[in-house]
$ cat final.pdb   # PDB, C-alpha atoms
ATOM      1  CA  MET A   1     -38.763  -3.797   4.002
ATOM      2  CA  ILE A   2     -36.199  -5.088   6.414
ATOM      3  CA  MET A   3     -32.882  -3.353   6.077
ATOM      4  CA  PRO A   4     -30.038  -5.856   6.160
ATOM      5  CA  VAL A   5     -27.700  -5.132   9.024
ATOM      6  CA  LEU A   6     -24.161  -4.669   7.862
ATOM      7  CA  THR A   7     -21.738  -5.880  10.468
ATOM      8  CA  CYS A   8     -18.683  -4.224   8.914
ATOM      9  CA  ASP A   9     -16.756  -6.967  10.613
ATOM     10  CA  HIS A  10     -13.759  -8.303   8.734
ATOM     11  CA  SER A  11     -14.237 -11.848   9.960
ATOM     12  CA  VAL A  12     -17.542 -11.897   8.079
ATOM     13  CA  THR A  13     -16.154 -10.839   4.720
ATOM     14  CA  TYR A  14     -17.754 -13.104   2.173
ATOM     15  CA  HIS A  15     -15.715 -12.562  -0.937
ATOM     16  CA  PHE A  16     -12.054 -11.889  -1.261
ATOM     17  CA  PRO A  17     -10.663  -9.562  -3.854
ATOM     18  CA  VAL A  18      -8.787 -12.172  -5.837
ATOM     19  CA  THR A  19      -9.960 -10.903  -9.189
ATOM     20  CA  ASP A  20     -10.126  -7.391 -10.631
ATOM     21  CA  ASP A  21     -13.918  -7.587 -11.121
ATOM     22  CA  PRO A  22     -14.937  -6.179  -7.695
ATOM     23  CA  VAL A  23     -12.518  -3.263  -8.205
ATOM     24  CA  PHE A  24     -13.981  -2.302 -11.578
ATOM     25  CA  LYS A  25     -17.531  -2.741 -10.230
ATOM     26  CA  ALA A  26     -16.756  -0.604  -7.191
ATOM     27  CA  LEU A  27     -15.242   2.120  -9.355
ATOM     28  CA  ALA A  28     -18.218   2.106 -11.734
ATOM     29  CA  ASP A  29     -20.356   4.127  -9.305
ATOM     30  CA  PRO A  30     -20.017   7.937  -8.959
ATOM     31  CA  THR A  31     -20.880   7.960  -5.220
ATOM     32  CA  ARG A  32     -18.162   5.417  -4.514
ATOM     33  CA  ARG A  33     -15.642   7.369  -6.598
ATOM     34  CA  PHE A  34     -16.632  10.463  -4.618
ATOM     35  CA  LEU A  35     -15.993   8.598  -1.345
ATOM     36  CA  LEU A  36     -12.559   7.523  -2.600
ATOM     37  CA  ASP A  37     -11.808  11.124  -3.605
ATOM     38  CA  ARG A  38     -12.716  12.274  -0.091
ATOM     39  CA  LEU A  39     -10.331   9.701   1.390
ATOM     40  CA  TYR A  40      -7.654  10.672  -1.111
ATOM     41  CA  GLU A  41      -7.912  14.267   0.133
ATOM     42  CA  ARG A  42      -7.657  13.125   3.715
ATOM     43  CA  ASP A  43      -7.351   9.549   4.875
ATOM     44  CA  GLY A  44      -8.653   7.929   8.041
ATOM     45  CA  ARG A  45     -12.229   9.260   8.207
ATOM     46  CA  SER A  46     -15.166   8.008  10.245
ATOM     47  CA  LEU A  47     -18.541   7.043   8.763
ATOM     48  CA  THR A  48     -20.096  10.147  10.354
ATOM     49  CA  GLU A  49     -17.585  12.358   8.589
ATOM     50  CA  LEU A  50     -18.042  10.678   5.201
ATOM     51  CA  GLU A  51     -21.814  10.704   5.611
ATOM     52  CA  SER A  52     -21.866  14.480   6.168
ATOM     53  CA  ASP A  53     -20.519  15.004   2.629
ATOM     54  CA  LEU A  54     -23.365  13.132   0.964
ATOM     55  CA  GLU A  55     -27.091  13.624   0.557
ATOM     56  CA  MET A  56     -27.757  10.041   1.474
ATOM     57  CA  THR A  57     -28.915   7.933   4.409
ATOM     58  CA  ARG A  58     -26.335   6.447   6.767
ATOM     59  CA  PHE A  59     -27.301   2.992   5.499
ATOM     60  CA  GLY A  60     -26.765   4.083   1.914
ATOM     61  CA  VAL A  61     -23.264   5.353   2.677
ATOM     62  CA  MET A  62     -22.500   2.185   4.665
ATOM     63  CA  LYS A  63     -23.596   0.068   1.730
ATOM     64  CA  HIS A  64     -21.275   1.912  -0.644
ATOM     65  CA  LEU A  65     -18.389   1.687   1.826
ATOM     66  CA  ARG A  66     -19.011  -2.021   2.127
ATOM     67  CA  VAL A  67     -18.682  -2.470  -1.648
ATOM     68  CA  LEU A  68     -15.422  -0.498  -1.544
ATOM     69  CA  GLU A  69     -14.210  -2.624   1.370
ATOM     70  CA  ASP A  70     -15.081  -5.869  -0.411
ATOM     71  CA  ALA A  71     -13.101  -4.674  -3.425
ATOM     72  CA  GLY A  72     -10.184  -3.940  -1.098
ATOM     73  CA  LEU A  73     -10.198  -0.241  -2.023
ATOM     74  CA  VAL A  74     -11.095   0.802   1.517
ATOM     75  CA  VAL A  75      -9.568  -0.668   4.664
ATOM     76  CA  THR A  76     -11.046   0.059   8.092
ATOM     77  CA  ARG A  77      -9.127   0.332  11.357
ATOM     78  CA  ARG A  78     -10.360   0.893  14.861
ATOM     79  CA  ALA A  79      -9.074   3.953  16.698
ATOM     80  CA  GLY A  80     -10.597   3.943  20.172
ATOM     81  CA  ARG A  81     -14.365   3.930  19.750
ATOM     82  CA  GLU A  82     -14.191   5.072  16.154
ATOM     83  CA  LYS A  83     -13.857   3.048  13.007
ATOM     84  CA  LEU A  84     -11.718   4.889  10.492
ATOM     85  CA  HIS A  85     -11.731   4.366   6.734
ATOM     86  CA  PHE A  86      -8.499   4.388   4.768
ATOM     87  CA  LEU A  87      -8.002   4.427   1.021
ATOM     88  CA  ASN A  88      -6.018   1.361  -0.048
ATOM     89  CA  PRO A  89      -4.310   2.143  -3.365
ATOM     90  CA  VAL A  90      -2.845  -1.358  -3.839
ATOM     91  CA  PRO A  91      -5.724  -2.912  -5.901
ATOM     92  CA  ILE A  92      -5.466  -0.045  -8.408
ATOM     93  CA  ARG A  93      -1.697  -0.531  -8.505
ATOM     94  CA  LEU A  94      -2.192  -4.228  -9.249
ATOM     95  CA  ILE A  95      -4.415  -3.336 -12.198
ATOM     96  CA  HIS A  96      -1.838  -0.794 -13.332
ATOM     97  CA  ASP A  97       1.054  -3.243 -13.080
ATOM     98  CA  ARG A  98      -0.770  -6.116 -14.738
ATOM     99  CA  TRP A  99      -2.769  -4.350 -17.425
ATOM    100  CA  ILE A 100      -1.933  -0.742 -18.107
ATOM    101  CA  ASP A 101       1.829  -1.334 -18.299
ATOM    102  CA  LYS A 102       1.243  -4.066 -20.843
ATOM    103  CA  TYR A 103      -0.682  -1.744 -23.159
ATOM    104  CA  THR A 104       1.506   1.324 -22.791
ATOM    105  CA  GLU A 105       4.561  -0.810 -23.500
ATOM    106  CA  ARG A 106       3.041  -1.991 -26.754
ATOM    107  CA  ARG A 107       2.073   1.547 -27.700
ATOM    108  CA  VAL A 108       5.549   2.855 -26.935
ATOM    109  CA  SER A 109       7.199   0.089 -28.951
ATOM    110  CA  ALA A 110       4.790   0.747 -31.830
ATOM    111  CA  LEU A 111       5.836   4.402 -31.790
ATOM    112  CA  LEU A 112       9.492   3.397 -31.706
ATOM    113  CA  ASP A 113       8.956   1.093 -34.686
ATOM    114  CA  LEU A 114       7.304   3.967 -36.554
ATOM    115  CA  LYS A 115      10.215   6.262 -35.641
ATOM    116  CA  HIS A 116      12.746   3.744 -36.936
ATOM    117  CA  GLU A 117      10.779   3.203 -40.100
ATOM    118  CA  LEU A 118      10.516   6.927 -40.801
ATOM    119  CA  GLU A 119      14.183   7.449 -40.067
ATOM    120  CA  ASP A 120      15.200   4.553 -42.327
ATOM    121  CA  THR A 121      13.182   5.835 -45.267
ATOM    122  CA  ALA A 122      14.320   9.455 -44.766
TER     123      ALA A 122
ATOM    124  CA  MET B   1      -1.843  10.569  -2.386
ATOM    125  CA  THR B   2      -0.326  13.943  -1.826
ATOM    126  CA  THR B   3       1.055  15.699   1.226
ATOM    127  CA  ALA B   4      -2.094  17.761   1.408
ATOM    128  CA  ALA B   5      -4.089  14.549   1.537
ATOM    129  CA  HIS B   6      -2.418  13.617   4.753
ATOM    130  CA  SER B   7      -2.096  16.962   6.468
ATOM    131  CA  THR B   8      -3.402  17.255  10.001
ATOM    132  CA  SER B   9      -7.124  17.648  10.249
ATOM    133  CA  ALA B  10      -8.585  20.673  11.981
ATOM    134  CA  THR B  11     -12.088  19.235  12.096
ATOM    135  CA  ASN B  12     -11.282  15.876  13.615
ATOM    136  CA  PRO B  13      -8.021  15.916  15.560
ATOM    137  CA  LYS B  14      -8.786  12.442  16.919
ATOM    138  CA  SER B  15      -8.356  10.787  13.564
ATOM    139  CA  SER B  16      -4.899   9.965  12.290
ATOM    140  CA  PRO B  17      -4.769  11.308   8.749
ATOM    141  CA  THR B  18      -1.007  10.849   8.590
ATOM    142  CA  THR B  19      -1.349   7.092   8.708
ATOM    143  CA  HIS B  20      -1.215   5.158   5.446
ATOM    144  CA  VAL B  21      -2.767   1.696   5.188
ATOM    145  CA  TYR B  22      -1.850  -0.693   2.370
ATOM    146  CA  ARG B  23      -3.382  -4.134   2.000
ATOM    147  CA  VAL B  24      -2.822  -6.970  -0.421
ATOM    148  CA  TYR B  25      -4.074 -10.566  -0.666
ATOM    149  CA  ILE B  26      -1.436 -13.059  -1.739
ATOM    150  CA  LYS B  27      -1.984 -16.694  -2.686
ATOM    151  CA  THR B  28       0.618 -18.102  -0.313
ATOM    152  CA  THR B  29       1.099 -18.942   3.374
ATOM    153  CA  PRO B  30       1.675 -16.464   6.236
ATOM    154  CA  GLN B  31       5.102 -18.059   6.794
ATOM    155  CA  LYS B  32       6.184 -17.326   3.213
ATOM    156  CA  VAL B  33       5.067 -13.703   3.581
ATOM    157  CA  TRP B  34       6.966 -13.463   6.873
ATOM    158  CA  ASP B  35      10.090 -14.868   5.218
ATOM    159  CA  ALA B  36       9.708 -12.474   2.288
ATOM    160  CA  ILE B  37       9.757  -9.433   4.581
ATOM    161  CA  THR B  38      12.401 -10.639   7.057
ATOM    162  CA  LYS B  39      14.920 -12.719   5.097
ATOM    163  CA  PRO B  40      17.610 -10.903   3.054
ATOM    164  CA  GLU B  41      17.574 -13.406   0.185
ATOM    165  CA  TRP B  42      13.886 -12.527  -0.291
ATOM    166  CA  THR B  43      13.957  -8.764   0.388
ATOM    167  CA  ASP B  44      16.546  -8.384  -2.382
ATOM    168  CA  ARG B  45      14.110  -9.755  -4.961
ATOM    169  CA  TYR B  46      11.189  -7.289  -4.981
ATOM    170  CA  GLY B  47      10.416  -3.583  -4.693
ATOM    171  CA  TYR B  48      13.562  -1.517  -4.272
ATOM    172  CA  GLY B  49      15.523  -4.684  -3.499
ATOM    173  CA  GLY B  50      18.381  -4.751  -1.019
ATOM    174  CA  ARG B  51      19.067  -7.096   1.863
ATOM    175  CA  VAL B  52      17.503  -6.713   5.293
ATOM    176  CA  GLU B  53      19.828  -7.141   8.273
ATOM    177  CA  ALA B  54      17.913  -7.272  11.516
ATOM    178  CA  GLU B  55      17.440  -9.028  14.825
ATOM    179  CA  PHE B  56      13.754  -9.805  15.070
ATOM    180  CA  ARG B  57      13.266  -9.286  18.816
ATOM    181  CA  PRO B  58      12.108  -6.190  20.748
ATOM    182  CA  GLY B  59      14.948  -3.666  20.718
ATOM    183  CA  GLY B  60      16.730  -5.434  17.857
ATOM    184  CA  LYS B  61      18.474  -3.280  15.254
ATOM    185  CA  PHE B  62      16.912  -3.077  11.798
ATOM    186  CA  ARG B  63      18.806  -2.143   8.643
ATOM    187  CA  HIS B  64      17.671  -2.398   5.042
ATOM    188  CA  LEU B  65      20.717  -2.138   2.793
ATOM    189  CA  ALA B  66      20.613  -0.429  -0.571
ATOM    190  CA  SER B  67      20.484  -2.877  -3.494
ATOM    191  CA  ALA B  68      23.535  -3.427  -5.691
ATOM    192  CA  ALA B  69      21.843  -1.445  -8.457
ATOM    193  CA  MET B  70      21.152   1.478  -6.111
ATOM    194  CA  ARG B  71      24.722   1.489  -4.807
ATOM    195  CA  ALA B  72      25.982   1.463  -8.397
ATOM    196  CA  GLY B  73      23.873   4.588  -8.853
ATOM    197  CA  GLY B  74      25.593   6.291  -5.926
ATOM    198  CA  ALA B  75      23.337   5.282  -3.007
ATOM    199  CA  PRO B  76      24.905   4.835   0.455
ATOM    200  CA  GLU B  77      25.193   1.348   1.962
ATOM    201  CA  ILE B  78      22.211   1.685   4.289
ATOM    202  CA  ALA B  79      18.859   2.667   2.774
ATOM    203  CA  VAL B  80      16.630   2.357   5.843
ATOM    204  CA  ASP B  81      17.383   1.968   9.547
ATOM    205  CA  GLY B  82      15.239   1.445  12.614
ATOM    206  CA  GLU B  83      14.499  -0.766  15.572
ATOM    207  CA  VAL B  84      12.274  -3.793  16.049
ATOM    208  CA  ILE B  85       9.489  -3.095  18.570
ATOM    209  CA  GLU B  86       7.475  -6.309  18.354
ATOM    210  CA  SER B  87       8.177  -9.537  16.488
ATOM    211  CA  ASP B  88       5.561 -12.277  16.411
ATOM    212  CA  PRO B  89       6.337 -14.578  13.463
ATOM    213  CA  PRO B  90       4.494 -15.160  11.197
ATOM    214  CA  ARG B  91       1.783 -12.780  12.351
ATOM    215  CA  LYS B  92       3.029  -9.358  13.254
ATOM    216  CA  LEU B  93       6.078  -7.142  13.029
ATOM    217  CA  VAL B  94       6.208  -3.653  14.507
ATOM    218  CA  GLN B  95       9.269  -1.522  13.922
ATOM    219  CA  THR B  96      10.574   2.001  13.574
ATOM    220  CA  TRP B  97      11.591   2.997  10.062
ATOM    221  CA  ARG B  98      13.711   5.892   8.820
ATOM    222  CA  MET B  99      14.812   6.350   5.252
ATOM    223  CA  VAL B 100      18.427   7.388   5.738
ATOM    224  CA  MET B 101      19.153   7.194   2.022
ATOM    225  CA  ASP B 102      17.173  10.380   1.383
ATOM    226  CA  PRO B 103      18.546  13.209   3.612
ATOM    227  CA  ALA B 104      15.255  15.172   3.600
ATOM    228  CA  SER B 105      13.284  12.123   4.801
ATOM    229  CA  ALA B 106      16.008  11.145   7.271
ATOM    230  CA  ALA B 107      15.749  14.601   8.878
ATOM    231  CA  GLU B 108      12.092  13.886   9.675
ATOM    232  CA  GLY B 109      13.186  11.124  12.054
ATOM    233  CA  PHE B 110      11.782   7.684  12.769
ATOM    234  CA  THR B 111       8.309   6.605  11.709
ATOM    235  CA  ARG B 112       6.410   3.543  12.893
ATOM    236  CA  LEU B 113       5.690   0.635  10.592
ATOM    237  CA  THR B 114       3.423  -2.332  11.339
ATOM    238  CA  TRP B 115       3.156  -5.485   9.242
ATOM    239  CA  GLU B 116       0.074  -7.630   9.903
ATOM    240  CA  ILE B 117      -0.110 -11.072   8.339
ATOM    241  CA  GLU B 118      -3.346 -13.052   8.530
ATOM    242  CA  GLN B 119      -4.549 -16.266   6.978
ATOM    243  CA  ALA B 120      -7.594 -15.633   4.792
ATOM    244  CA  GLN B 121     -10.048 -17.955   3.042
ATOM    245  CA  GLY B 122      -9.165 -19.731  -0.186
ATOM    246  CA  GLY B 123      -5.483 -20.292   0.515
ATOM    247  CA  LEU B 124      -4.851 -16.563   0.676
ATOM    248  CA  THR B 125      -2.775 -14.529   3.081
ATOM    249  CA  LYS B 126      -3.820 -10.985   3.919
ATOM    250  CA  LEU B 127      -0.902  -8.615   4.361
ATOM    251  CA  THR B 128      -1.574  -5.168   5.798
ATOM    252  CA  VAL B 129       1.124  -2.518   6.060
ATOM    253  CA  ILE B 130       0.351   0.390   8.380
ATOM    254  CA  HIS B 131       2.792   3.265   8.132
ATOM    255  CA  GLU B 132       2.375   5.976  10.779
ATOM    256  CA  LEU B 133       3.848   9.069   9.185
ATOM    257  CA  GLU B 134       3.135  11.750  11.759
ATOM    258  CA  GLY B 135       5.589  14.617  11.236
ATOM    259  CA  ALA B 136       7.115  13.035   8.134
ATOM    260  CA  PRO B 137       5.379  14.663   5.120
ATOM    261  CA  LYS B 138       8.365  14.196   2.803
ATOM    262  CA  LEU B 139       8.604  10.502   3.564
ATOM    263  CA  ALA B 140       4.805  10.195   3.230
ATOM    264  CA  LEU B 141       5.094  11.552  -0.297
ATOM    265  CA  LEU B 142       7.874   9.097  -1.145
ATOM    266  CA  VAL B 143       6.156   5.975   0.203
ATOM    267  CA  SER B 144       2.830   6.941  -1.404
ATOM    268  CA  GLY B 145       4.465   6.626  -4.820
ATOM    269  CA  ALA B 146       3.474  10.206  -5.719
ATOM    270  CA  GLN B 147       7.025  10.922  -6.920
ATOM    271  CA  GLU B 148       7.331   7.889  -9.158
ATOM    272  CA  GLU B 149       7.630   9.984 -12.324
ATOM    273  CA  PHE B 150      10.701  11.656 -10.805
ATOM    274  CA  GLY B 151      12.393   8.293 -10.337
ATOM    275  CA  ALA B 152      11.513   7.741  -6.685
ATOM    276  CA  GLY B 153       9.717   4.464  -7.353
ATOM    277  CA  GLY B 154       6.115   3.557  -6.658
ATOM    278  CA  GLY B 155       6.270   3.325  -2.867
ATOM    279  CA  TRP B 156       4.417   0.719  -0.820
ATOM    280  CA  SER B 157       1.746  -0.012  -3.474
ATOM    281  CA  TRP B 158       4.440  -0.916  -5.967
ATOM    282  CA  ILE B 159       6.501  -2.900  -3.422
ATOM    283  CA  LEU B 160       3.447  -4.953  -2.383
ATOM    284  CA  SER B 161       2.359  -5.487  -5.981
ATOM    285  CA  ASP B 162       5.845  -6.816  -6.802
ATOM    286  CA  LEU B 163       5.885  -8.950  -3.636
ATOM    287  CA  LYS B 164       2.548 -10.498  -4.667
ATOM    288  CA  THR B 165       3.894 -11.249  -8.151
ATOM    289  CA  LEU B 166       7.085 -12.773  -6.738
ATOM    290  CA  LEU B 167       5.309 -15.039  -4.239
ATOM    291  CA  GLU B 168       2.597 -16.120  -6.672
ATOM    292  CA  THR B 169       4.659 -16.623  -9.812
ATOM    293  CA  GLY B 170       8.159 -17.227  -8.440
ATOM    294  CA  LYS B 171       9.460 -14.208 -10.321
ATOM    295  CA  GLY B 172       9.479 -10.511  -9.416
ATOM    296  CA  PHE B 173       9.032  -7.673 -11.934
ATOM    297  CA  ASN B 174      12.743  -7.506 -12.702
ATOM    298  CA  GLU B 175      13.542 -11.224 -12.806
TER     299      GLU B 175
END

$ encode --input "final.pdb" --output "C-alpha cells"
Amino acid sequence: MIMPVLTCDHSVTYHFPVTDDPVFKALADPTRRFLLDRLYERDGRSLTELESDLEMTRFGVMKHLRVLEDAGLVVTRRAGREKLHFLNPVPIRLIHDRWIDKYTERRVSALLDLKHELEDTA
Amino acid sequence: MTTAAHSTSATNPKSSPTTHVYRVYIKTTPQKVWDAITKPEWTDRYGYGGRVEAEFRPGGKFRHLASAAMRAGGAPEIAVDGEVIESDPPRKLVQTWRMVMDPASAAEGFTRLTWEIEQAQGGLTKLTVIHELEGAPKLALLVSGAQEEFGAGGGWSWILSDLKTLLETGKGFNE
C-alpha cells in the first residue's frame, strides 16, 4: 500500500472549516481528544514531541493532526526548523456561542418560569 | 487554557509554550477585517468594545479605550496601550499590547500581538491572532478566557467569535 504523503502545507488545505461538522468529527476520536489535551497542558509542541506520547506510527499521528488542523482545532506555526502545533480554541467557542448558549438560556428561563409559578401558587 | 498549560517547558526550551494562537474564518474581505480591528467605530461593536486610537505606522502609539459600559462600571479611560511595530494593511499588524486596565496584568509589562489576515477560498478571510505572552502569566489567563466565570470575559476566543458574528450578520452579540 502506498502511504499518502501529507504535505502539512496550509496552501494545500482542501476544505475550510465553515461548518461545525469537521469539529464534531475531529472530536469524536479519543486519540485526537488526547492530542488536544496534550496541547491544552502545554501549547506549541512539535510532531516528535506529540508522537512520543502515543503508541502509534508517525504517519498515524500526522493523520490525526491533519484532521484536527482541517477542523481548525490545531494551528501550526514554523519556529526555525520546527513546526509547532497550537491548540486553537476558537471553533469550540463558536459552537458554544451559537449552540450551547441557546439551550442553556432556554433551560434557565424554564427554571425561572417554574420558580414564578411556584411562588405565585404559594 | 490555564497558566500551567503555558508554563515554560523544561523538556523543549526551544518551543514557545507561552504563545497563544487563535484563528477564525470569516465570510468577508480582508479589508473589512482590517477595518474591524483598526477603526474605532468598529472596535466599539464587538468583544469588550471600546474605541481604538492609534497611528498605524511603525512606532505609532496604540490605545484601546475602555467602552462606555466599562467606564460606567468604574474602569479607567484607557484599557490597553502599546506601540505599533508593523502595519501592512490589510494583511498584517504587529504591535505591543499591555492591559493597563488590570493592574496585575499591567505590572507584567508589554506583550507582543500579531494579526495576520489572509484571503482564503470560498469568499472567506482567515484571521490569525498570535499573542506572545512570555513573562505575562496573569494576562495569559485573562486572554485565554479562563476567568470568564469571574466576570473577566471570554478572552480572544470570545472576541473573535463576536467579530465573526458582527461581520457576517451585521450585528454583534450585544446589538

$ resolve_selection --input "final.pdb" --expression "the PyMOL selection byres ((chain A) within 9 of (chain B))" --output "PyMOL selection string"
chain A and resi 15-18+39-46+49+72-73+75-77+79+82+84+86-94+97

$ atom_distance --input "final.pdb" --atom1 "atom CA of B:Gly59" --atom2 "atom CA of B:Leu141"
27.8 Å

$ resolve_selection --input "final.pdb" --expression "the PyMOL selection byres ((chain A and resi 50) around 10)" --output "list in words"
Phe34, Leu35, Arg38, Leu39, Arg45, Ser46, Leu47, Thr48, Glu49, Glu51, Ser52, Asp53, Leu54, Arg58, Val61, Met62, Leu65 and His85 of chain A

$ resolve_selection --input "final.pdb" --expression "the PyMOL selection byres ((chain B and resi 139) around 12)" --output "ChimeraX atom specification"
/B:2-3,6,18-20,80,97-112,131-138,140-147,152,155-156

$ residues_around --input "final.pdb" --residues "A:Leu27" --least-positions-apart "6" --cutoff "10 Å" --atoms "only C-alpha atoms" --output "PyMOL selection string"
chain A and resi 21+33-34+36+67-68+71+73

$ residues_around --input "final.pdb" --residues "A:Ile95" --least-positions-apart "4" --cutoff "10 Å" --atoms "all atoms listed in the file" --output "VMD selection string"
(chain A and resid 19 to 20 23 to 24 90 to 91 99 to 101) or (chain B and resid 161)

$ atom_distance --input "final.pdb" --atom1 "atom CA of B:Tyr48" --atom2 "atom CA of B:Ala36"
13.3 Å

$ atom_distance --input "final.pdb" --atom1 "atom CA of A:Lys115" --atom2 "atom CA of B:Glu148"
26.7 Å

$ axis_aligned_box --input "final.pdb" --around "stretch 91-94 of chain B" --padding-each-side "8 Å" --output "lines of an AutoDock Vina configuration file"
center_x = 4.0
center_y = -8.2
center_z = 13.4
size_x = 20.4
size_y = 25.1
size_z = 18.2

$ build_atoms --input "final.pdb" --residues "stretch 123-136 of chain B" --atoms "N, CA and C atoms" --output "mmCIF file, in the coordinates of the input"
data_model
loop_
_atom_site.group_PDB
_atom_site.id
_atom_site.type_symbol
_atom_site.label_atom_id
_atom_site.label_comp_id
_atom_site.auth_asym_id
_atom_site.auth_seq_id
_atom_site.Cartn_x
_atom_site.Cartn_y
_atom_site.Cartn_z
ATOM 1 N N GLY B 123 -6.931 -20.170 0.655
ATOM 2 C CA GLY B 123 -5.483 -20.292 0.515
ATOM 3 C C GLY B 123 -4.771 -18.959 0.363
ATOM 4 N N LEU B 124 -5.433 -17.892 0.814
ATOM 5 C CA LEU B 124 -4.851 -16.563 0.676
ATOM 6 C C LEU B 124 -4.281 -16.078 2.006
ATOM 7 N N THR B 125 -3.307 -15.204 1.908
ATOM 8 C CA THR B 125 -2.775 -14.529 3.081
ATOM 9 C C THR B 125 -3.003 -13.037 2.903
ATOM 10 N N LYS B 126 -3.531 -12.424 3.963
ATOM 11 C CA LYS B 126 -3.820 -10.985 3.919
ATOM 12 C C LYS B 126 -2.660 -10.254 4.574
ATOM 13 N N LEU B 127 -2.014 -9.398 3.828
ATOM 14 C CA LEU B 127 -0.902 -8.615 4.361
ATOM 15 C C LEU B 127 -1.320 -7.150 4.427
ATOM 16 N N THR B 128 -1.233 -6.568 5.622
ATOM 17 C CA THR B 128 -1.574 -5.168 5.798
ATOM 18 C C THR B 128 -0.351 -4.419 6.310
ATOM 19 N N VAL B 129 -0.003 -3.353 5.640
ATOM 20 C CA VAL B 129 1.124 -2.518 6.060
ATOM 21 C C VAL B 129 0.558 -1.189 6.555
ATOM 22 N N ILE B 130 0.847 -0.862 7.812
ATOM 23 C CA ILE B 130 0.351 0.390 8.380
ATOM 24 C C ILE B 130 1.566 1.270 8.662
ATOM 25 N N HIS B 131 1.646 2.368 7.961
ATOM 26 C CA HIS B 131 2.792 3.265 8.132
ATOM 27 C C HIS B 131 2.319 4.555 8.795
ATOM 28 N N GLU B 132 2.753 4.760 10.044
ATOM 29 C CA GLU B 132 2.375 5.976 10.779
ATOM 30 C C GLU B 132 3.403 7.046 10.463
ATOM 31 N N LEU B 133 2.938 8.082 9.760
ATOM 32 C CA LEU B 133 3.848 9.069 9.185
ATOM 33 C C LEU B 133 3.686 10.461 9.783
ATOM 34 N N GLU B 134 3.291 10.484 11.035
ATOM 35 C CA GLU B 134 3.135 11.750 11.759
ATOM 36 C C GLU B 134 4.460 12.528 11.699
ATOM 37 N N GLY B 135 4.392 13.767 11.259
ATOM 38 C CA GLY B 135 5.589 14.617 11.236
ATOM 39 C C GLY B 135 6.598 14.250 10.160
ATOM 40 N N ALA B 136 6.188 13.427 9.201
ATOM 41 C CA ALA B 136 7.115 13.035 8.134
ATOM 42 C C ALA B 136 6.469 13.213 6.759
#
